[in-house]
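Report on the structure given below.
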Amino acid sequence: MDHNSKQSNLFEINKVITLPLEEEIKQSYLNYAMSVIVGRALPDARDGLKPVQRRILYAMLELGVRHNQAFKKSARIVGETMGKYHPHGDAAIYDTMARLSQDFSMRYQLVDGQGNFGSIDGDPPAAMRYTEARLHALGEEMLTDINEETVDWGPNFDESLEEPLVLPSRIPNLLVNGSTGIAVGMATNMPPHNLGEAVDVCCAILDNPEVELGELMALMPGPDFPTGGIILGREGIIDAYRTGRGRLVVRGRVDVEEGRKGRNSIIISEIPYMVNKTNFIETIAKGVQSGMIDGISDLRDESDRNGMRIVVELQRDADPNLVLRQLYTRTQLQSTFGVINLAIVNGETRELPLKELVQIFLDHRREVVRRRTEFRLRKAEDRRHIVEGLLRALDVIDQVIHIIRSSDTATTARNNLIEELGFTEIQAQAILDMRLQRLTGLEREKLDTELAQLLMDIERYNSILSSHLILDSVVKDELMEIRRNYSDKRRTDIENAVGEVADEDLIPEEDIVVALSRDGYIRRMPLQDYRVQQRGGKGVKGVATKAEDEIAIIATTTTHRTLYLFTNKGRVFGVRGFSLPEPKTGKGKLVGTIITLEKEEKVVAIKDSHLDGAKFIFFVTKQGTAKRLPVEELDGLTRAGRRVLGLSEGDDIARVRTTSGTDDLLLTTALGQTLRVSEEEFRPLGRQAQGVRGIRLDDGDSVVGCDVVGDGRQVLFISARGIGKRTAYDEFTQHHRAGYGVRAMKLSEKTGELVGAWGVQEDEEIIVISSKGRMVRIGAKEISTLSRTATGYTIVALDEGDTVADISIVRKDDEEA
């Protein structure tokens, strides 16, 4: 090499070395951060394990310490793991293994420990040389089929061995056991759940990938902590399941025992998850000494192997409820669990809602079953090939023996079998390896039986691989087997939050008007703000709107009732009246921030949950489809929502009504047709059903009204330009469903199309709201009663370009509430 080339190379080397310091630090820190995030701190969304946990379980499998085998020293397991797969120190490995065996840390233990593995008091595990461990039966389920090419493998730290990059995991471990971890700039904190409930959720999503969150929460209402306790309120659970983040308020379980002479005791039998019992008791003692907690005379820890029992003796005549409130606010008897469902998905970190978390696990199980089936199919076909060769060899055994005896070497014999009798190389080798006992009749019968079984297995494997429905059924069957073998009762109860109840109690019950704008903003307003006016009044400004954000729906209710929000996609959500915003100015709050709406989904109807003894919810869609749903299907409805109507493409819900089971219904269209039909012509259907044809429509027409025919009522028709009338129900004779109906109101360009039809009494009042936010409240008796062919009179005077958006009836019992 000449002098110039040496100088050039040196220059290139110097260029590489003299990078800017800030760039080098930035790149090095990013590399370190990603190494911590992916390689140490966060779990994989498929098996729910961090790398160290996965390596411990696999090392135990390799050591043969299964659940039905003898225990091995923990030091041996730690050494195996550290030497082969995890060179980050024995302390980290042992601490992780100890946690996997703690019944107060893991909802379902994956490691079966023998010895002192720590306690809920905060005692550390004994040294690893004193304790022993083996796989728990459920821990083995994490590793089932791992040797059947079901998962990907990668090199260990020194590339001398291979380790699994993920475990097959027959259980939804991330959901069942949760996970905690702090990485660089991010953290995960996932609560554990009940195994039986988690499997039910998995099966529900397998059966119907579009299942609603509300239906999933009916199967799995919330987390289930190993230490029991009580979760206050469902709002945090809904947030966690809907977005991947939530805030759970958890309380310990307490009872009050009555003693002599007014000396009562508070017995604490469960404390919140991840609370150290010793520290908790010390906090109470310090609170009593400092005077922050009053009314306690003695404090004892009577816990034993049968369970936890902390006795808080009260002073004479002390109020147990007052002491409990102090314990809740000033100790860890009530704590907050911040849910962060952060996990690694395809090498990236993601916050996972419940459905997505479960779907990732199910996709992983599908992949495991598919790869396992391909492996078994390949093995079965290879074995079939050999068995078929052995059976054919038995048929020509004399020729086979002659060829073998006349051959000088095994290689020659194998070649001669291939050339003279047409065996394959694999079959020929199997024939040479065949023992003489195979020549007996019994052995031939065994080969025939084996071949028949192989053919059946091959057919089954092919059916699994050719049909995703059959593959899903295999995944479901295996999940149900896990449920039968390992599920147990829920330990954590879920109750209404004290804070929620207090909020409601602090807010006086008052009548309110709830308005939803066309842009999706919702707000509530006091009903008393709208005075009764005469027919033709201009009304008052009800909601601050812009031309591009007009009012779409209004409803009357009270602050203490639940509102049912029905969407055009056939779903319904439950929202408390007092939880809705009451802004002094502005449009309110986007309804999509209160409930979870899908793309192109919007609220089309709002109803008060005060059903007055109704037995059914009656739906009619814009295209004329109708359905009757039992009101029990809405029991326990929250803002998680649930599906109540299956819709055909392009159809929306038009009206929602409550019925008694024997009512007549008046279906009204935008072009002025009305059909009176008995609801008994519509048989009750389940939540997923689409319904049947209710009214037949002309081209360009759509359903805008559905009213229950009632005694002492008349039907109120109102058009888009504020023209309306009342008409007696007797003018509409009953017909069968799926008819065209009769004329309800004479329409013209001046009146515009009908907005809807509502049943009213003379002593009731009507709130009319325009698309530009103008409201008018008038008595029903102010509206004239006319025949069904009449046009009507002006009910509300509208500005140029304004139209009627919606109507709400103020019932007499609502005014007296």
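Chains: A, B, ... in order of the structure tokens. Residues: from 1 per chain. Ligands: from 1, in order shown.
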
Would you kindly return, as a PyMOL selection string, each protein, DNA or RNA residue with an atom no farther than 10 Å from any atom of Met217 in chain A, considering only C-alpha atoms and excluding same-chain residues fewer than 3 positions away? chain A and resi 197+201+212-214+220-222+234+237-238+241+354+638+640-642

Could the residues in this selection be written to a file with C-alpha atoms, as an mmCIF file, in the first residue's frame?
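Written file, again-v3.cif:
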```
data_model
loop_
_atom_site.group_PDB
_atom_site.id
_atom_site.type_symbol
_atom_site.label_atom_id
_atom_site.label_comp_id
_atom_site.auth_asym_id
_atom_site.auth_seq_id
_atom_site.Cartn_x
_atom_site.Cartn_y
_atom_site.Cartn_z
ATOM 1 C CA GLU A 197 -64.458 -14.739 32.265
ATOM 2 C CA VAL A 201 -64.718 -13.030 26.184
ATOM 3 C CA GLU A 212 -70.054 -4.864 21.312
ATOM 4 C CA LEU A 213 -68.061 -3.796 24.363
ATOM 5 C CA GLY A 214 -71.214 -3.839 26.481
ATOM 6 C CA MET A 220 -66.238 -9.973 32.119
ATOM 7 C CA PRO A 221 -67.388 -6.990 34.216
ATOM 8 C CA GLY A 222 -63.893 -5.947 35.239
ATOM 9 C CA ARG A 234 -67.489 1.063 36.313
ATOM 10 C CA ILE A 237 -63.238 -0.020 33.714
ATOM 11 C CA ILE A 238 -65.112 1.218 30.649
ATOM 12 C CA TYR A 241 -61.537 -1.422 27.996
ATOM 13 C CA LEU A 354 -59.923 -4.869 25.367
ATOM 14 C CA THR A 638 -73.930 1.791 30.642
ATOM 15 C CA ALA A 640 -70.092 0.904 27.163
ATOM 16 C CA GLY A 641 -73.184 0.286 25.022
ATOM 17 C CA ARG A 642 -74.569 -2.790 23.294
#
```

Go ahead and compute the interatomic distance for CA of Thr373 in chain A and CA of Tyr461 in chain A, in Å to one decimal. 5.9 Å

Just the residues within 10 Å of Pro155 in chain A, please, counting only C-alpha atoms, with nothing from its chain fewer than 3 positions along; format it as an MDAnalysis selection string. chainID A and resid 85 158:165

Residue contacts of Thr659 in chain A (10 Å, only C-alpha atoms) excluding same-chain residues fewer than 2 positions away, as a ChimeraX atom specification: /A:611-618,628-631,657,661-665,679,707-709

If you run DSSP on the backbone, which residues of range 102-300 of chain A are alpha helix (DSSP H), as JSON, numbers by chain? {"A": [137, 138, 139, 140, 141, 173, 174, 175, 176, 177, 195, 196, 197, 198, 199, 200, 201, 202, 203, 204, 205, 206, 207, 213, 214, 215, 216, 217, 218, 219, 235, 236, 237, 238, 239, 240, 241, 242, 243, 277, 278, 279, 280, 281, 282, 283, 284, 285, 286, 287, 288, 289, 290]}

Could those residues be written to a file, using N, CA and C atoms, as a compact mmCIF listing (two decimals), in the first residue's frame?
```txt
# COMPACT_ATOMS: atom_id res chain seq x y z
N ALA A 137 -49.08 -26.36 36.74
CA ALA A 137 -49.82 -26.99 35.64
C ALA A 137 -50.24 -25.95 34.60
N LEU A 138 -50.66 -24.78 35.06
CA LEU A 138 -51.07 -23.74 34.12
C LEU A 138 -49.85 -23.17 33.39
N GLY A 139 -48.70 -23.14 34.08
CA GLY A 139 -47.48 -22.69 33.42
C GLY A 139 -47.09 -23.61 32.28
N GLU A 140 -47.35 -24.92 32.43
CA GLU A 140 -47.06 -25.86 31.34
C GLU A 140 -47.94 -25.59 30.13
N GLU A 141 -49.18 -25.11 30.39
CA GLU A 141 -50.08 -24.82 29.27
C GLU A 141 -49.52 -23.69 28.41
N ASN A 173 -52.78 -14.99 28.69
CA ASN A 173 -52.02 -14.67 29.90
C ASN A 173 -51.95 -13.17 30.19
N LEU A 174 -51.83 -12.34 29.15
CA LEU A 174 -51.72 -10.91 29.39
C LEU A 174 -53.00 -10.38 30.05
N LEU A 175 -54.13 -10.91 29.65
CA LEU A 175 -55.40 -10.49 30.25
C LEU A 175 -55.59 -11.11 31.62
N VAL A 176 -55.20 -12.37 31.77
CA VAL A 176 -55.45 -13.12 33.00
C VAL A 176 -54.53 -12.68 34.14
N ASN A 177 -53.24 -12.54 33.88
CA ASN A 177 -52.28 -12.20 34.93
C ASN A 177 -51.83 -10.75 34.91
N LEU A 195 -59.93 -16.05 34.88
CA LEU A 195 -59.65 -16.89 33.72
C LEU A 195 -60.93 -17.32 33.00
N GLY A 196 -61.93 -17.77 33.77
CA GLY A 196 -63.17 -18.20 33.15
C GLY A 196 -63.83 -17.08 32.37
N GLU A 197 -63.85 -15.88 32.95
CA GLU A 197 -64.46 -14.74 32.26
C GLU A 197 -63.65 -14.34 31.03
N ALA A 198 -62.32 -14.40 31.14
CA ALA A 198 -61.47 -14.04 30.00
C ALA A 198 -61.69 -15.01 28.84
N VAL A 199 -61.83 -16.30 29.15
CA VAL A 199 -62.09 -17.29 28.10
C VAL A 199 -63.46 -17.02 27.46
N ASP A 200 -64.45 -16.67 28.26
CA ASP A 200 -65.78 -16.36 27.72
C ASP A 200 -65.70 -15.17 26.74
N VAL A 201 -64.89 -14.18 27.08
CA VAL A 201 -64.72 -13.03 26.18
C VAL A 201 -64.04 -13.46 24.88
N CYS A 202 -63.02 -14.31 25.00
CA CYS A 202 -62.33 -14.81 23.80
C CYS A 202 -63.30 -15.56 22.90
N CYS A 203 -64.12 -16.42 23.50
CA CYS A 203 -65.07 -17.21 22.71
C CYS A 203 -66.13 -16.31 22.07
N ALA A 204 -66.56 -15.27 22.79
CA ALA A 204 -67.55 -14.35 22.24
C ALA A 204 -67.00 -13.63 21.01
N ILE A 205 -65.74 -13.23 21.04
CA ILE A 205 -65.13 -12.56 19.89
C ILE A 205 -64.89 -13.55 18.76
N LEU A 206 -64.57 -14.80 19.09
CA LEU A 206 -64.44 -15.83 18.06
C LEU A 206 -65.77 -16.04 17.34
N ASP A 207 -66.86 -16.07 18.11
CA ASP A 207 -68.18 -16.28 17.52
C ASP A 207 -68.66 -15.08 16.72
N LEU A 213 -68.76 -3.84 23.08
CA LEU A 213 -68.06 -3.80 24.36
C LEU A 213 -69.01 -4.08 25.52
N GLY A 214 -70.25 -3.59 25.42
CA GLY A 214 -71.21 -3.84 26.48
C GLY A 214 -71.48 -5.31 26.69
N GLU A 215 -71.55 -6.07 25.60
CA GLU A 215 -71.78 -7.51 25.71
C GLU A 215 -70.56 -8.20 26.31
N LEU A 216 -69.36 -7.73 25.97
CA LEU A 216 -68.16 -8.31 26.56
C LEU A 216 -68.11 -8.03 28.06
N MET A 217 -68.53 -6.82 28.45
CA MET A 217 -68.52 -6.49 29.87
C MET A 217 -69.58 -7.25 30.66
N ALA A 218 -70.62 -7.72 29.98
CA ALA A 218 -71.58 -8.60 30.65
C ALA A 218 -70.93 -9.93 30.99
N LEU A 219 -69.95 -10.36 30.16
CA LEU A 219 -69.24 -11.62 30.41
C LEU A 219 -68.08 -11.41 31.38
N GLU A 235 -66.92 3.30 35.57
CA GLU A 235 -66.44 4.25 34.56
C GLU A 235 -64.98 4.03 34.21
N GLY A 236 -64.13 3.78 35.22
CA GLY A 236 -62.72 3.53 34.95
C GLY A 236 -62.51 2.26 34.17
N ILE A 237 -63.33 1.25 34.44
CA ILE A 237 -63.24 -0.02 33.71
C ILE A 237 -63.60 0.20 32.26
N ILE A 238 -64.69 0.94 32.03
CA ILE A 238 -65.11 1.22 30.65
C ILE A 238 -64.02 1.97 29.89
N ASP A 239 -63.43 2.97 30.54
CA ASP A 239 -62.35 3.72 29.89
C ASP A 239 -61.18 2.81 29.53
N ALA A 240 -60.79 1.93 30.47
CA ALA A 240 -59.67 1.03 30.23
C ALA A 240 -59.97 0.07 29.08
N TYR A 241 -61.17 -0.47 29.05
CA TYR A 241 -61.54 -1.42 28.00
C TYR A 241 -61.74 -0.73 26.66
N ARG A 242 -62.15 0.53 26.70
CA ARG A 242 -62.45 1.25 25.47
C ARG A 242 -61.20 1.87 24.84
N THR A 243 -60.29 2.39 25.68
CA THR A 243 -59.14 3.13 25.16
C THR A 243 -57.79 2.52 25.52
N LYS A 277 -49.00 -5.20 53.40
CA LYS A 277 -49.81 -5.25 54.62
C LYS A 277 -49.10 -4.60 55.80
N THR A 278 -47.80 -4.85 55.95
CA THR A 278 -47.07 -4.27 57.07
C THR A 278 -47.06 -2.75 56.99
N ASN A 279 -46.79 -2.22 55.82
CA ASN A 279 -46.80 -0.76 55.65
C ASN A 279 -48.19 -0.19 55.89
N PHE A 280 -49.21 -0.93 55.46
CA PHE A 280 -50.60 -0.48 55.66
C PHE A 280 -50.93 -0.36 57.14
N ILE A 281 -50.54 -1.39 57.92
CA ILE A 281 -50.81 -1.36 59.37
C ILE A 281 -50.01 -0.23 60.03
N GLU A 282 -48.77 -0.03 59.60
CA GLU A 282 -47.97 1.06 60.16
C GLU A 282 -48.58 2.42 59.86
N THR A 283 -49.17 2.56 58.69
CA THR A 283 -49.81 3.83 58.33
C THR A 283 -50.98 4.12 59.25
N ILE A 284 -51.77 3.06 59.57
CA ILE A 284 -52.89 3.25 60.50
C ILE A 284 -52.36 3.67 61.87
N ALA A 285 -51.33 2.96 62.34
CA ALA A 285 -50.78 3.27 63.66
C ALA A 285 -50.25 4.70 63.73
N LYS A 286 -49.53 5.13 62.70
CA LYS A 286 -49.01 6.49 62.68
C LYS A 286 -50.14 7.52 62.61
N GLY A 287 -51.20 7.18 61.87
CA GLY A 287 -52.34 8.09 61.79
C GLY A 287 -53.03 8.27 63.12
N VAL A 288 -53.12 7.16 63.90
CA VAL A 288 -53.72 7.26 65.23
C VAL A 288 -52.84 8.10 66.15
N GLN A 289 -51.52 7.87 66.09
CA GLN A 289 -50.59 8.60 66.96
C GLN A 289 -50.57 10.09 66.66
N SER A 290 -50.67 10.45 65.39
CA SER A 290 -50.62 11.86 65.01
C SER A 290 -51.96 12.55 65.14
```

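Distances here use only C-alpha atoms; by that measure, the residue among A:Leu671, A:Leu455, A:Ala133, A:Glu24 closest to Val78 in chain A is A:Ala133.
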
Which one is closest to Val65 in chain A: A:Leu42, A:Met190, A:Val111, A:Ile230? Count only C-alpha atoms.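 Nearest candidate to Val65 in chain A out of A:Leu42, A:Met190, A:Val111, A:Ile230: A:Val111.
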
Please provide the set of residues having any atom within 12 Å of His468 in chain A, restricted to only C-alpha atoms, with same-chain residues fewer than 2 positions apart removed, written as a ChimeraX atom specification. /A:206-207,363,366-367,369-370,462-466,470-475

For range 755-760 of chain A, list every protein, DNA or RNA residue within 7 Å, evaluated using only C-alpha atoms, and leave out those in the same chain fewer than 2 positions away; present the list as a ChimeraX atom specification. /A:668,670,704-708,713-720,753,762,764,780

Give me the residues near range 118-132 of chain A as a short mmCIF file (atom, residue, chain, number, x, y, z; two decimals) with N, CA and C atoms, in the first residue's frame, where near means some atom within 9 Å (using only C-alpha atoms) and where sequence neighbours in that chain fewer than 2 positions away do not count.
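Writing the result to out.cif gives the following:
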```
data_model
loop_
_atom_site.label_atom_id
_atom_site.label_comp_id
_atom_site.auth_asym_id
_atom_site.auth_seq_id
_atom_site.Cartn_x
_atom_site.Cartn_y
_atom_site.Cartn_z
N PHE A 71 -39.54 -31.36 42.58
CA PHE A 71 -39.03 -30.00 42.64
C PHE A 71 -37.51 -30.00 42.43
N LYS A 72 -37.00 -28.91 41.88
CA LYS A 72 -35.56 -28.71 41.78
C LYS A 72 -35.19 -27.41 42.49
N LYS A 73 -33.96 -27.36 42.96
CA LYS A 73 -33.48 -26.17 43.64
C LYS A 73 -33.63 -24.94 42.75
N SER A 74 -34.07 -23.85 43.35
CA SER A 74 -34.22 -22.62 42.59
C SER A 74 -32.90 -22.17 41.99
N ALA A 75 -31.80 -22.40 42.72
CA ALA A 75 -30.49 -22.00 42.21
C ALA A 75 -30.17 -22.72 40.90
N ARG A 76 -30.61 -23.97 40.80
CA ARG A 76 -30.35 -24.74 39.57
C ARG A 76 -31.12 -24.12 38.40
N ILE A 77 -32.37 -23.75 38.64
CA ILE A 77 -33.20 -23.15 37.58
C ILE A 77 -32.65 -21.79 37.18
N VAL A 78 -32.26 -20.99 38.18
CA VAL A 78 -31.70 -19.67 37.89
C VAL A 78 -30.41 -19.80 37.10
N TYR A 94 -34.15 -14.59 39.77
CA TYR A 94 -34.78 -15.20 40.94
C TYR A 94 -35.99 -14.39 41.41
N ASP A 95 -35.86 -13.06 41.41
CA ASP A 95 -36.98 -12.22 41.80
C ASP A 95 -38.17 -12.43 40.87
N ALA A 98 -39.70 -15.85 41.59
CA ALA A 98 -40.43 -15.80 42.85
C ALA A 98 -41.80 -15.15 42.65
N ARG A 99 -41.84 -14.07 41.87
CA ARG A 99 -43.13 -13.40 41.63
C ARG A 99 -44.09 -14.31 40.88
N GLN A 102 -45.99 -16.36 43.41
CA GLN A 102 -46.69 -15.73 44.54
C GLN A 102 -48.19 -15.62 44.26
N PHE A 104 -50.29 -13.90 45.84
CA PHE A 104 -50.79 -12.54 46.07
C PHE A 104 -50.34 -11.59 44.97
N SER A 105 -49.44 -12.02 44.10
CA SER A 105 -48.99 -11.19 42.97
C SER A 105 -49.62 -11.65 41.66
N ASP A 112 -44.72 -23.25 40.46
CA ASP A 112 -45.10 -23.85 41.74
C ASP A 112 -43.88 -23.83 42.66
N GLY A 113 -43.92 -22.97 43.68
CA GLY A 113 -42.77 -22.81 44.57
C GLY A 113 -42.91 -23.60 45.86
N GLN A 114 -41.79 -24.07 46.38
CA GLN A 114 -41.76 -24.77 47.66
C GLN A 114 -40.73 -24.09 48.55
N GLY A 115 -41.18 -23.55 49.67
CA GLY A 115 -40.30 -22.77 50.54
C GLY A 115 -40.81 -21.36 50.69
N ASN A 116 -39.96 -20.51 51.21
CA ASN A 116 -40.35 -19.13 51.46
C ASN A 116 -40.10 -18.29 50.22
N ARG A 134 -40.94 -25.78 40.56
CA ARG A 134 -41.24 -26.54 39.35
C ARG A 134 -42.35 -25.80 38.61
N MET A 274 -51.44 -5.11 45.44
CA MET A 274 -50.10 -4.55 45.48
C MET A 274 -49.87 -3.62 46.69
N VAL A 275 -50.74 -3.72 47.70
CA VAL A 275 -50.53 -2.97 48.94
C VAL A 275 -49.79 -3.85 49.93
N ASN A 276 -48.72 -3.35 50.51
CA ASN A 276 -47.93 -4.06 51.50
C ASN A 276 -48.67 -4.02 52.85
N LYS A 277 -49.00 -5.20 53.40
CA LYS A 277 -49.81 -5.25 54.62
C LYS A 277 -49.10 -4.60 55.80
N THR A 278 -47.80 -4.85 55.95
CA THR A 278 -47.07 -4.27 57.07
C THR A 278 -47.06 -2.75 56.99
N ASN A 279 -46.79 -2.22 55.82
CA ASN A 279 -46.80 -0.76 55.65
C ASN A 279 -48.19 -0.19 55.89
#
```

Enumerate as a PyMOL selection string all residues of range 443-677 of chain A assigned to strand (DSSP E or B) by DSSP on the backbone, naming them with the chain letters and numbers the document uses. chain A and resi 493-495+511-517+521-526+532-533+540-541+546+549+551-558+562-567+571-576+589-590+603-608+616-621+625-630+642-643+653-659+664-669+673-677
